[in-house]
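I have placed the structure first, in the form of C-alpha cells, so that the comments after it can refer back to it.
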Amino acid sequence: MSRYGEFPGTRPRRLRTTPAMRRLVAETRLSPAELILPMFVREGLTEPAAISSMPGVLQHTRDSLRKAVTEAAAAGVGGVMLFGVPEVKDAVGSQGTDPDGIMQLAIRDVVSEVGDALVVMSDLCLDEFTDHGHCGVLDDQGRVDNDATLERYAEMAQVQADAGVHVVGPSGMMDGQVGVVRDALDEIGAQDVAILAYTVKYASAFYGPFREAVNSSLTGDRKTYQQDPANFHESMRELALDLSEGADIVMVKPALPYLDVLCKVADAVDVPVAAYQISGEYAMVEAAAANGWIDRDRAILETLTSIRRAGANMILTYWATEVAGRL
Ligand code: PBG
C-alpha cells in the first residue's frame, strides 16, 4: 500500500507479469482456420505482376495462383476469396458470366487443387469486369441500375456455382442482391453453395489500392450504392434485409475504421460474422513499416486481434498465409 491511502487496492498488473501469464489470460486468440486470403488472378499474364500500392500482393497467373493457394492451404488458412481480372472489359461485364472467363477458370483450378483443404470463395460483383468500373450495369443516364444489375448477379452466381465454388460473396451493395443470388443458386440445384454477404459495406477511401489490383478504370465514386461512413443504423437495416434474404455469413467492410459497427453487428446476430481488412488497411501498415515508423509484425497481429476482439468470427486479410504460418 502506498502512503497515499488505500490505493492500489487491487493490482491488475499481476496478470501481466510474464509472457506465460499474459498468454494464459489472453481473451482473444487468432488461429489460421479463421483467416481468409483474398487473391487476384489476371487473364493473359505470363508472369505474376506486382501491385505497387500493395507491396507483397500479386496479380497471379493461373499457375502462380495454384502455387499460392497450395501454400495457403499448407499454412492452414481457412479459405480464399478470388477476384478475377479479365483482359477485356465492357459495359455489362460480359467476362463475369462467360463460363470460360478468368474467374470461372480460376475457381475450377483452385477447387481441383485445394478444394478439400479449404473453402473456396468468389467475389460476386461486376466492377472487375466492367469498362466503367462500377459494380453494376448503367442506365441510359449513367446511373447504376439496381434491378438490371441483379439479373447479371443471378447469372454470375450460376456460372460461379457451375465452376464449383463453395461460397459466393455478393459485394456490390445492390438492394435485393442476396435474395436474388439465393434464388438463382437454388434454381440450378446449388443449394449447398453458401452466401457470404457483404452486408455492411461503406463507401471507403481505403479501397484505393484495390482499384490498382483489379485494373479498375472507375471515375467518380460508389456513394449511390455503398454506405455513408457517417451511418450506423443503416447498417442494421442492411443486416436485417440480408438475413431475411438468406445470407449465411454476414460481413462488415472495411474492418479497422468500423470496429464499433462490427461489434454491434456481432452482438445482434447468430450467424457467423466476417470482417474484411481491406487493401488500404494493408497498405497503411506496410507503408509505415517500410519507413521504419512501426513494428510491422506486431502491428499486423494487433490489427487482426482487434478485429477478432470486436466480434469477427473470420477475417479476410492479405496477410492470411504469412500470419497463419506465424501462429
Ligand atoms: C467489389 C469489391 C471491392 C473490394 C472488394 N470487393 C472494391 C470496392 O467496393 O470498391 C475492395 C477490397 C479491398 O479494398 O481490399 N468487387
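Labels for the C-alpha cells follow display order: chains A, B, ..., residues from 1 in each chain, ligands from 1.
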Quiz item: Quick one: residues within 10 Å of Ala255 in chain A, only C-alpha atoms counted, chain neighbours fewer than 2 positions away excluded, as a PyMOL selection string?
Solution: chain A and resi 201+251-253+257-262+274-278+281+303-304+306-307+310+312+315-317
For C-alpha atoms, I'd like the residues from the last selection saved as a PDB file, in the first residue's frame.
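For reference, selection-v7.pdb as written:
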```pdb
ATOM      1  CA  LYS A 201     -20.072  -2.075 -46.860  1.00  0.00           C
ATOM      2  CA  MET A 251     -19.636  -9.204 -43.403  1.00  0.00           C
ATOM      3  CA  VAL A 252     -18.560  -5.762 -42.289  1.00  0.00           C
ATOM      4  CA  LYS A 253     -16.114  -3.903 -44.503  1.00  0.00           C
ATOM      5  CA  PRO A 257     -12.268   2.077 -39.066  1.00  0.00           C
ATOM      6  CA  TYR A 258     -15.606   0.330 -38.365  1.00  0.00           C
ATOM      7  CA  LEU A 259     -14.933  -1.808 -35.282  1.00  0.00           C
ATOM      8  CA  ASP A 260     -17.883  -0.185 -33.499  1.00  0.00           C
ATOM      9  CA  VAL A 261     -20.203  -1.325 -36.260  1.00  0.00           C
ATOM     10  CA  LEU A 262     -18.632  -4.785 -36.328  1.00  0.00           C
ATOM     11  CA  ALA A 274     -16.786 -11.851 -41.201  1.00  0.00           C
ATOM     12  CA  ALA A 275     -14.707  -8.689 -41.433  1.00  0.00           C
ATOM     13  CA  TYR A 276     -12.608  -7.592 -44.402  1.00  0.00           C
ATOM     14  CA  GLN A 277      -9.295  -5.969 -43.615  1.00  0.00           C
ATOM     15  CA  ILE A 278      -9.108  -4.188 -46.936  1.00  0.00           C
ATOM     16  CA  GLU A 281      -5.634  -1.064 -44.270  1.00  0.00           C
ATOM     17  CA  THR A 303      -4.947  -5.212 -36.022  1.00  0.00           C
ATOM     18  CA  LEU A 304      -6.124  -8.799 -36.504  1.00  0.00           C
ATOM     19  CA  SER A 306      -8.581  -6.157 -32.515  1.00  0.00           C
ATOM     20  CA  ILE A 307     -10.857  -7.218 -35.331  1.00  0.00           C
ATOM     21  CA  ALA A 310     -14.628  -6.676 -31.810  1.00  0.00           C
ATOM     22  CA  ALA A 312     -15.457 -11.122 -36.148  1.00  0.00           C
ATOM     23  CA  ILE A 315     -11.206 -12.195 -41.226  1.00  0.00           C
ATOM     24  CA  LEU A 316     -10.324 -11.596 -44.842  1.00  0.00           C
ATOM     25  CA  THR A 317      -6.744 -10.376 -44.839  1.00  0.00           C
TER      26      THR A 317
END
```
Quiz prompt | Protein and nucleic residues near ligand 1, 7 Å, only C-alpha atoms and all ligand atoms, as JSON, numbers by chain | solution = {"A": [123, 124, 125, 126, 127, 128, 135, 171, 172, 206, 207, 208, 209, 210, 211, 277, 278, 279, 280]}
Quiz prompt | Filtered DSSP result for range 107-288 of chain A, state strand (DSSP E or B), as a PyMOL selection string | solution = chain A and resi 119-124+130+138+144+167-170+194-202+227+249-253+273-276
Residues from the last selection, C-alpha atoms, saved as a PDB file, in the first residue's frame:
```pdb
ATOM      1  CA  VAL A 119     -13.149 -23.109 -48.514  1.00  0.00           C
ATOM      2  CA  VAL A 120     -13.121 -21.567 -51.980  1.00  0.00           C
ATOM      3  CA  MET A 121     -14.987 -18.271 -52.290  1.00  0.00           C
ATOM      4  CA  SER A 122     -15.556 -15.934 -55.221  1.00  0.00           C
ATOM      5  CA  ASP A 123     -16.304 -12.238 -55.357  1.00  0.00           C
ATOM      6  CA  LEU A 124     -19.673 -11.786 -56.993  1.00  0.00           C
ATOM      7  CA  THR A 130     -16.899  -3.520 -66.458  1.00  0.00           C
ATOM      8  CA  LEU A 138     -25.634   1.578 -66.075  1.00  0.00           C
ATOM      9  CA  VAL A 144     -26.125   2.212 -61.683  1.00  0.00           C
ATOM     10  CA  VAL A 167     -19.210 -19.704 -51.247  1.00  0.00           C
ATOM     11  CA  VAL A 168     -20.174 -16.662 -53.297  1.00  0.00           C
ATOM     12  CA  GLY A 169     -19.605 -13.157 -51.979  1.00  0.00           C
ATOM     13  CA  PRO A 170     -22.053 -10.637 -53.442  1.00  0.00           C
ATOM     14  CA  ALA A 194     -23.311 -20.576 -49.306  1.00  0.00           C
ATOM     15  CA  ILE A 195     -23.601 -16.791 -49.427  1.00  0.00           C
ATOM     16  CA  LEU A 196     -21.120 -14.585 -47.659  1.00  0.00           C
ATOM     17  CA  ALA A 197     -22.985 -11.303 -47.893  1.00  0.00           C
ATOM     18  CA  TYR A 198     -21.135  -8.015 -47.984  1.00  0.00           C
ATOM     19  CA  THR A 199     -23.858  -6.736 -45.700  1.00  0.00           C
ATOM     20  CA  VAL A 200     -22.336  -3.598 -44.262  1.00  0.00           C
ATOM     21  CA  LYS A 201     -20.072  -2.075 -46.860  1.00  0.00           C
ATOM     22  CA  TYR A 202     -19.037   1.532 -46.628  1.00  0.00           C
ATOM     23  CA  GLN A 227     -22.970   3.234 -47.299  1.00  0.00           C
ATOM     24  CA  ILE A 249     -22.430 -15.282 -43.273  1.00  0.00           C
ATOM     25  CA  VAL A 250     -22.575 -11.503 -42.926  1.00  0.00           C
ATOM     26  CA  MET A 251     -19.636  -9.204 -43.403  1.00  0.00           C
ATOM     27  CA  VAL A 252     -18.560  -5.762 -42.289  1.00  0.00           C
ATOM     28  CA  LYS A 253     -16.114  -3.903 -44.503  1.00  0.00           C
ATOM     29  CA  VAL A 273     -19.676 -12.673 -38.891  1.00  0.00           C
ATOM     30  CA  ALA A 274     -16.786 -11.851 -41.201  1.00  0.00           C
ATOM     31  CA  ALA A 275     -14.707  -8.689 -41.433  1.00  0.00           C
ATOM     32  CA  TYR A 276     -12.608  -7.592 -44.402  1.00  0.00           C
TER      33      TYR A 276
END
```
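All residues within range 11-89 of chain A that the backbone DSSP calculation assigns to alpha helix (DSSP H) are Pro19, Ala20, Met21, Arg22, Arg23, Leu24, Val25, Arg62, Asp63, Ser64, Leu65, Arg66, Lys67, Ala68, Val69, Thr70, Glu71, Ala72, Ala73 and Ala74 of chain A.
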Output file for the selection above: C-alpha atoms, as a PDB file, in the first residue's frame:
```
ATOM      1  CA  PRO A  19       4.718 -13.840 -21.230  1.00  0.00           C
ATOM      2  CA  ALA A  20       3.313 -17.133 -19.923  1.00  0.00           C
ATOM      3  CA  MET A  21       0.847 -15.320 -17.651  1.00  0.00           C
ATOM      4  CA  ARG A  22      -0.232 -12.991 -20.441  1.00  0.00           C
ATOM      5  CA  ARG A  23      -0.742 -15.928 -22.760  1.00  0.00           C
ATOM      6  CA  LEU A  24      -2.790 -17.729 -20.139  1.00  0.00           C
ATOM      7  CA  VAL A  25      -5.208 -14.862 -19.606  1.00  0.00           C
ATOM      8  CA  ARG A  62      -3.354 -19.230 -63.319  1.00  0.00           C
ATOM      9  CA  ASP A  63      -0.181 -21.167 -62.496  1.00  0.00           C
ATOM     10  CA  SER A  64       1.070 -18.896 -59.747  1.00  0.00           C
ATOM     11  CA  LEU A  65      -2.431 -18.851 -58.267  1.00  0.00           C
ATOM     12  CA  ARG A  66      -2.352 -22.631 -57.952  1.00  0.00           C
ATOM     13  CA  LYS A  67       1.005 -22.435 -56.184  1.00  0.00           C
ATOM     14  CA  ALA A  68      -0.119 -19.691 -53.835  1.00  0.00           C
ATOM     15  CA  VAL A  69      -3.328 -21.487 -52.833  1.00  0.00           C
ATOM     16  CA  THR A  70      -1.331 -24.621 -52.144  1.00  0.00           C
ATOM     17  CA  GLU A  71       0.881 -22.594 -49.810  1.00  0.00           C
ATOM     18  CA  ALA A  72      -2.157 -21.059 -48.134  1.00  0.00           C
ATOM     19  CA  ALA A  73      -3.696 -24.486 -47.593  1.00  0.00           C
ATOM     20  CA  ALA A  74      -0.428 -25.848 -46.213  1.00  0.00           C
TER      21      ALA A  74
END
```
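Between Arg42 in chain A and the candidates A:Glu286, A:Asp192, A:Glu87, A:Asp140, the tightest atom-to-atom separation, counting only C-alpha atoms, involves A:Glu87.
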Exercise. Kindly give the distance, in Å, that separates CA of Phe129 in chain A and CA of Leu256 in chain A, rounded to a single decimal.
Key: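 Computed distance, CA of Phe129 in chain A to CA of Leu256 in chain A, equals 27.8 Å.
Separating CA of Ala240 in chain A from CA of Gly179 in chain A is a distance of 12.3 Å.
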Self-check item: For CA of Ser216 in chain A and CA of Phe40 in chain A, the interatomic separation in Å (one decimal)
Solution: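 Separating CA of Ser216 in chain A from CA of Phe40 in chain A is a distance of 12.7 Å.
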